[in-house]
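These notes are about the structure you will find just below.
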Amino acid sequence: MGETRVDLLHLLEDLRDAYPGSTEATILTEIVANSLDSGAATIAIATDPIAPALTIVDDGAGMRRRELARYHDLAASLKARGDGIGFAGVGIKIALLVCSEVVTETRRGRHHVASSWRLASRNRAPWRWVAPEGRVAARGTAVRLVPESALSPLVDPGFVEGVLRRAFQPLFDPALVPILREQYPRGVAVVVNGRALDLHGAEAPDVAPLAIRVGRRRKMAGAGYLMRAAETLPEELRGVAVSTFGKVIRRGWDWLALAPVAADRVAGLIEVPALAESLALNKADFIRAGARGAIYLAYRKAIQEAVAHQLSLWGEAGEPAERARRRATRPVERDLETVLADLADDFPLLAPLVEQRAGGQRRLPAAGAEPGTLGPGVSRLAAREAAATVARSATPPIESAANETDPAPAQPATASGPLAAGARTHRPIRYGLSIGFEARADDAELGRLVESTVWVNEAHPAYRRATASRSEGYHTALAVALALAPLAVDPAKEHAFITAFLASWGAAIERRKGRRRR
């Protein structure tokens, strides 16, 4: 009999990589989120660069001895999915990667216990009971982190305050305190080195409050504001931030699929407590499938409508982001047919992306069928569904400039038999390379090739600059060239391939103009 073992170090690194921020920011954010989930009204943080150490003390519910013992287990949590904004103490577990010791003290009723925890090897993280040091008064939990490096950002009070203000911005905004009062009736005070962090509201010439309502409900489901600054905002403050229970989950314009005219000068903050039900497992994103995904999409639509209305009043309403992307990429996808065909002779490895099968999907009418039906025994609804299925399977991923009209409908069959040899329509399979968009904030590449799709990184700073300067088409072409270069040639010849690709792509527009004139 064998035994399943766990590479604990690798598992903790995977947990860390599930978050978009730095390791230290993730640790701090998750510990504070768990304090909020416990009902804490005061969270006191102390940094000691001499020790070095970071101590976080809250006055929440605390834990019993049995709960503190389970707190050291991976994938063990007393929380139900969808409750709260902390990820079952994952911040403590990730802290083992950068800390030589993690001391946790908790008090709940007559239970007052403490433990010391560390990562001893790749497969072992031993912990032991220790005597409480008295950091918790009546009830609550105290966590003391001992970083391995004295230069760790965890002992920098400026870093701590900056992370907390960005990650928990609604807690420090007086405009959103009322909507958070139901979740935190005692309020929330954050103290760093004996100084309470003060409240800061939106400071801009134009500030418009927003009320989020779903359907016909009269009760407000979310609240926030939109602000328009006179000058360019820092990159980390641009776009609309959505939060739940005071924790910012998403920020920017991409998640909202809106593109204002001056996207670098408009920002906003919206708190929707009900979105806590739709949080993903790592509590850093939203679920987009199933019942929880439907909740997220409903609130996202309500936020879109409120933000788009205010942008229209300001004259900042731009083209919807998805429509703008498709408008920019449609000519590129059409030109790819010609470009790849031209390059395939000089770069044979591109052949799988440009091969074309003769014929394609055929529609085979049944005997005696009327136009638009599959036969006498099939209902019109079933016929429409089947025709839609056939059309979906036959629709190519790339549009063609030469054939943009719908094919002629099938003619009625005149011969007999299960599959009569009547009139048949051909829908040719065109070139298999398509363009998609995805956000990869930590990826330095403009795009990547996955099977037959080039995924453009819309979170790249260069893409945002291209959007602002109305040059998405050229940026997309360059991203496609960079993504195809490793497939087409050896690394030493990638520059020559990119040059040839862009030259052919530039010439394609002249050929398209010639076709239009003819």
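If you're wondering about the labels, chains in the structure tokens are A, B, ... by order shown, residues count from 1 in each chain, ligands from 1 in order shown.
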Would you list, as an mmCIF file with N, CA and C atoms, in the first residue's frame, the residues of region 57-144 of chain A that end up in strand (DSSP E or B) under DSSP run on this structure's backbone?
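Full text of selection_8.cif as output:
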```
data_model
loop_
_atom_site.group_PDB
_atom_site.id
_atom_site.type_symbol
_atom_site.label_atom_id
_atom_site.label_comp_id
_atom_site.auth_asym_id
_atom_site.auth_seq_id
_atom_site.Cartn_x
_atom_site.Cartn_y
_atom_site.Cartn_z
ATOM 1 N N VAL A 57 -3.929 42.570 15.268
ATOM 2 C CA VAL A 57 -4.814 42.180 16.369
ATOM 3 C C VAL A 57 -6.212 42.690 16.062
ATOM 4 N N ASP A 58 -7.219 41.813 16.185
ATOM 5 C CA ASP A 58 -8.606 42.233 15.980
ATOM 6 C C ASP A 58 -9.443 41.860 17.195
ATOM 7 N N CYS A 99 7.955 33.862 5.847
ATOM 8 C CA CYS A 99 8.148 34.089 7.281
ATOM 9 C C CYS A 99 8.795 32.873 7.929
ATOM 10 N N SER A 100 9.671 33.136 8.869
ATOM 11 C CA SER A 100 10.310 32.047 9.609
ATOM 12 C C SER A 100 9.420 31.520 10.714
ATOM 13 N N GLU A 101 8.426 32.306 11.133
ATOM 14 C CA GLU A 101 7.507 31.860 12.186
ATOM 15 C C GLU A 101 6.203 32.642 12.080
ATOM 16 N N VAL A 102 5.106 31.947 12.352
ATOM 17 C CA VAL A 102 3.783 32.555 12.419
ATOM 18 C C VAL A 102 3.176 32.180 13.766
ATOM 19 N N VAL A 103 2.951 33.170 14.615
ATOM 20 C CA VAL A 103 2.381 32.945 15.939
ATOM 21 C C VAL A 103 0.946 33.464 15.940
ATOM 22 N N THR A 104 0.016 32.611 16.340
ATOM 23 C CA THR A 104 -1.401 32.971 16.358
ATOM 24 C C THR A 104 -1.944 32.798 17.768
ATOM 25 N N GLU A 105 -2.559 33.852 18.281
ATOM 26 C CA GLU A 105 -3.176 33.825 19.613
ATOM 27 C C GLU A 105 -4.647 34.176 19.456
ATOM 28 N N THR A 106 -5.517 33.442 20.107
ATOM 29 C CA THR A 106 -6.951 33.688 19.980
ATOM 30 C C THR A 106 -7.654 33.453 21.300
ATOM 31 N N ARG A 107 -8.730 34.208 21.504
ATOM 32 C CA ARG A 107 -9.513 34.083 22.740
ATOM 33 C C ARG A 107 -10.996 34.123 22.379
ATOM 34 N N ARG A 108 -11.719 33.135 22.860
ATOM 35 C CA ARG A 108 -13.172 33.087 22.686
ATOM 36 C C ARG A 108 -13.770 32.414 23.911
ATOM 37 N N HIS A 111 -11.826 29.861 26.169
ATOM 38 C CA HIS A 111 -10.715 29.349 25.372
ATOM 39 C C HIS A 111 -9.739 30.489 25.089
ATOM 40 N N HIS A 112 -8.511 30.347 25.538
ATOM 41 C CA HIS A 112 -7.452 31.319 25.268
ATOM 42 C C HIS A 112 -6.185 30.522 24.977
ATOM 43 N N VAL A 113 -5.881 30.368 23.685
ATOM 44 C CA VAL A 113 -4.800 29.470 23.262
ATOM 45 C C VAL A 113 -3.947 30.181 22.220
ATOM 46 N N ALA A 114 -2.772 29.600 21.950
ATOM 47 C CA ALA A 114 -1.858 30.164 20.960
ATOM 48 C C ALA A 114 -1.031 29.039 20.358
ATOM 49 N N SER A 115 -0.522 29.271 19.141
ATOM 50 C CA SER A 115 0.284 28.274 18.443
ATOM 51 C C SER A 115 1.417 28.957 17.694
ATOM 52 N N SER A 116 2.464 28.185 17.435
ATOM 53 C CA SER A 116 3.598 28.639 16.640
ATOM 54 C C SER A 116 3.731 27.711 15.441
ATOM 55 N N TRP A 117 3.932 28.303 14.245
ATOM 56 C CA TRP A 117 3.862 27.530 13.001
ATOM 57 C C TRP A 117 5.020 27.946 12.104
ATOM 58 N N TRP A 127 3.489 22.606 13.651
ATOM 59 C CA TRP A 127 3.044 23.657 14.565
ATOM 60 C C TRP A 127 2.933 23.071 15.963
ATOM 61 N N ARG A 128 2.970 23.930 16.963
ATOM 62 C CA ARG A 128 2.913 23.464 18.363
ATOM 63 C C ARG A 128 2.170 24.503 19.194
ATOM 64 N N TRP A 129 1.594 24.008 20.289
ATOM 65 C CA TRP A 129 0.931 24.911 21.217
ATOM 66 C C TRP A 129 1.973 25.687 22.009
ATOM 67 N N VAL A 130 1.728 26.979 22.208
ATOM 68 C CA VAL A 130 2.614 27.825 23.017
ATOM 69 C C VAL A 130 1.757 28.617 23.987
ATOM 70 N N GLY A 140 -11.025 37.855 20.393
ATOM 71 C CA GLY A 140 -10.436 38.207 19.113
ATOM 72 C C GLY A 140 -9.251 37.321 18.784
ATOM 73 N N THR A 141 -8.484 37.736 17.799
ATOM 74 C CA THR A 141 -7.348 36.958 17.311
ATOM 75 C C THR A 141 -6.185 37.895 17.028
ATOM 76 N N ALA A 142 -4.990 37.449 17.350
ATOM 77 C CA ALA A 142 -3.769 38.190 17.063
ATOM 78 C C ALA A 142 -2.833 37.294 16.262
ATOM 79 N N VAL A 143 -2.258 37.856 15.201
ATOM 80 C CA VAL A 143 -1.314 37.131 14.353
ATOM 81 C C VAL A 143 -0.003 37.907 14.345
ATOM 82 N N ARG A 144 1.076 37.202 14.644
ATOM 83 C CA ARG A 144 2.402 37.820 14.633
ATOM 84 C C ARG A 144 3.261 37.111 13.590
#
```
query = Quick one: residues within 8 Å of Pro49 (chain A), only C-alpha atoms counted, chain neighbours fewer than 2 positions away excluded, as a ChimeraX atom specification?
reply = /A:47,51-53,150-151,155-156
Output of the above residues as a PDB file, in the first residue's frame, restricted to N, CA and C atoms:
```pdb
ATOM      1  N   THR A  47       3.977  47.475  13.109  1.00  0.00           N
ATOM      2  CA  THR A  47       5.168  47.035  12.382  1.00  0.00           C
ATOM      3  C   THR A  47       6.397  47.281  13.247  1.00  0.00           C
ATOM      4  N   ALA A  51      12.752  43.942  14.885  1.00  0.00           N
ATOM      5  CA  ALA A  51      12.631  42.528  15.279  1.00  0.00           C
ATOM      6  C   ALA A  51      13.051  41.530  14.188  1.00  0.00           C
ATOM      7  N   PRO A  52      12.626  41.538  12.943  1.00  0.00           N
ATOM      8  CA  PRO A  52      11.469  42.263  12.379  1.00  0.00           C
ATOM      9  C   PRO A  52      10.180  41.474  12.642  1.00  0.00           C
ATOM     10  N   ALA A  53       9.043  42.172  12.658  1.00  0.00           N
ATOM     11  CA  ALA A  53       7.768  41.500  12.915  1.00  0.00           C
ATOM     12  C   ALA A  53       6.616  42.399  12.498  1.00  0.00           C
ATOM     13  N   ALA A 150      14.727  41.228   6.943  1.00  0.00           N
ATOM     14  CA  ALA A 150      14.446  42.471   7.651  1.00  0.00           C
ATOM     15  C   ALA A 150      13.994  43.571   6.701  1.00  0.00           C
ATOM     16  N   LEU A 151      14.185  43.381   5.391  1.00  0.00           N
ATOM     17  CA  LEU A 151      13.767  44.355   4.389  1.00  0.00           C
ATOM     18  C   LEU A 151      12.397  44.035   3.809  1.00  0.00           C
ATOM     19  N   VAL A 155       7.051  45.000   7.103  1.00  0.00           N
ATOM     20  CA  VAL A 155       7.413  45.827   8.261  1.00  0.00           C
ATOM     21  C   VAL A 155       7.517  47.298   7.877  1.00  0.00           C
ATOM     22  N   ASP A 156       7.039  47.641   6.681  1.00  0.00           N
ATOM     23  CA  ASP A 156       7.041  49.026   6.226  1.00  0.00           C
ATOM     24  C   ASP A 156       5.644  49.601   6.421  1.00  0.00           C
TER      25      ASP A 156
END
```
query = Closest to Arg122 (chain A) among A:Ala341, A:Leu12, A:Ile31, A:Met227, using only C-alpha atoms?
reply = A:Leu12
key: Non-local contacts of Glu30 (chain A) (8 Å; only C-alpha atoms; under 6 positions in same chain excluded) as a ChimeraX atom specification   = /A:86-87,89-92
Those same residues - N, CA, C and O atoms - I'd like them written as a PDB file, in the first residue's frame.
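Output file again.pdb follows:
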```pdb
ATOM      1  N   GLY A  86     -12.856  36.512   3.171  1.00  0.00           N
ATOM      2  CA  GLY A  86     -11.565  35.881   3.428  1.00  0.00           C
ATOM      3  C   GLY A  86     -11.541  34.485   2.833  1.00  0.00           C
ATOM      4  O   GLY A  86     -12.574  33.850   2.656  1.00  0.00           O
ATOM      5  N   PHE A  87     -10.369  34.008   2.509  1.00  0.00           N
ATOM      6  CA  PHE A  87     -10.231  32.709   1.860  1.00  0.00           C
ATOM      7  C   PHE A  87      -9.745  31.683   2.866  1.00  0.00           C
ATOM      8  O   PHE A  87      -8.674  31.109   2.734  1.00  0.00           O
ATOM      9  N   GLY A  89      -8.346  31.638   5.753  1.00  0.00           N
ATOM     10  CA  GLY A  89      -7.022  31.755   6.342  1.00  0.00           C
ATOM     11  C   GLY A  89      -5.884  31.506   5.389  1.00  0.00           C
ATOM     12  O   GLY A  89      -4.775  31.175   5.818  1.00  0.00           O
ATOM     13  N   VAL A  90      -6.118  31.683   4.088  1.00  0.00           N
ATOM     14  CA  VAL A  90      -5.053  31.402   3.129  1.00  0.00           C
ATOM     15  C   VAL A  90      -3.895  32.374   3.291  1.00  0.00           C
ATOM     16  O   VAL A  90      -2.745  32.051   2.996  1.00  0.00           O
ATOM     17  N   GLY A  91      -4.175  33.591   3.789  1.00  0.00           N
ATOM     18  CA  GLY A  91      -3.093  34.546   4.004  1.00  0.00           C
ATOM     19  C   GLY A  91      -2.070  34.027   4.989  1.00  0.00           C
ATOM     20  O   GLY A  91      -0.858  34.212   4.821  1.00  0.00           O
ATOM     21  N   ILE A  92      -2.544  33.344   6.034  1.00  0.00           N
ATOM     22  CA  ILE A  92      -1.630  32.758   7.019  1.00  0.00           C
ATOM     23  C   ILE A  92      -0.788  31.676   6.365  1.00  0.00           C
ATOM     24  O   ILE A  92       0.419  31.570   6.609  1.00  0.00           O
TER      25      ILE A  92
END
```
task = Rank nothing, just name the residue among A:Ala18, A:Leu8, A:Leu350, A:Val456 nearest to Ser121 (chain A), using only C-alpha atoms.
result = A:Leu8
Contacts between region 167-179 of chain A and region 234-320 of chain A, please, where a residue of region 234-320 of chain A counts if it comes within 10 Å (with only C-alpha atoms); show its shortest atom pair and distance in Å to one decimal, rows by chain and ascending number, as JSON lines.
```
{"residue": "A:Ala241", "atom": "CA", "partner": "A:Gln169", "partner_atom": "CA", "distance": 9.2}
{"residue": "A:Val242", "atom": "CA", "partner": "A:Pro170", "partner_atom": "CA", "distance": 9.6}
{"residue": "A:Ser243", "atom": "CA", "partner": "A:Pro170", "partner_atom": "CA", "distance": 7.5}
{"residue": "A:Thr244", "atom": "CA", "partner": "A:Pro170", "partner_atom": "CA", "distance": 9.0}
{"residue": "A:Phe245", "atom": "CA", "partner": "A:Pro170", "partner_atom": "CA", "distance": 8.5}
{"residue": "A:Gly246", "atom": "CA", "partner": "A:Pro170", "partner_atom": "CA", "distance": 5.1}
{"residue": "A:Lys247", "atom": "CA", "partner": "A:Phe168", "partner_atom": "CA", "distance": 4.7}
{"residue": "A:Val248", "atom": "CA", "partner": "A:Ala167", "partner_atom": "CA", "distance": 5.3}
{"residue": "A:Ile249", "atom": "CA", "partner": "A:Ala167", "partner_atom": "CA", "distance": 8.0}
{"residue": "A:Arg250", "atom": "CA", "partner": "A:Ala167", "partner_atom": "CA", "distance": 9.9}
{"residue": "A:Leu269", "atom": "CA", "partner": "A:Pro170", "partner_atom": "CA", "distance": 7.7}
{"residue": "A:Ile270", "atom": "CA", "partner": "A:Pro170", "partner_atom": "CA", "distance": 8.3}
{"residue": "A:Glu271", "atom": "CA", "partner": "A:Pro170", "partner_atom": "CA", "distance": 7.2}
{"residue": "A:Val272", "atom": "CA", "partner": "A:Ile179", "partner_atom": "CA", "distance": 8.6}
{"residue": "A:Pro273", "atom": "CA", "partner": "A:Ile179", "partner_atom": "CA", "distance": 8.3}
```
task = Just the residues within 9 Å of region 202-219 of chain A, please, counting only C-alpha atoms, with nothing from its chain fewer than 2 positions along; format it as a list in words.
result = Asp173, Ala175, His200, Ala221, Gly222, Ala223, Gly224, Tyr225, Leu226, Met227, Arg228, Ala229, Ala230, Gly268, Ile270, Val272, Ala298, Tyr299, Lys301, Ala302, Ile303, Glu305, Ala306, Val307 and Gln310 of chain A
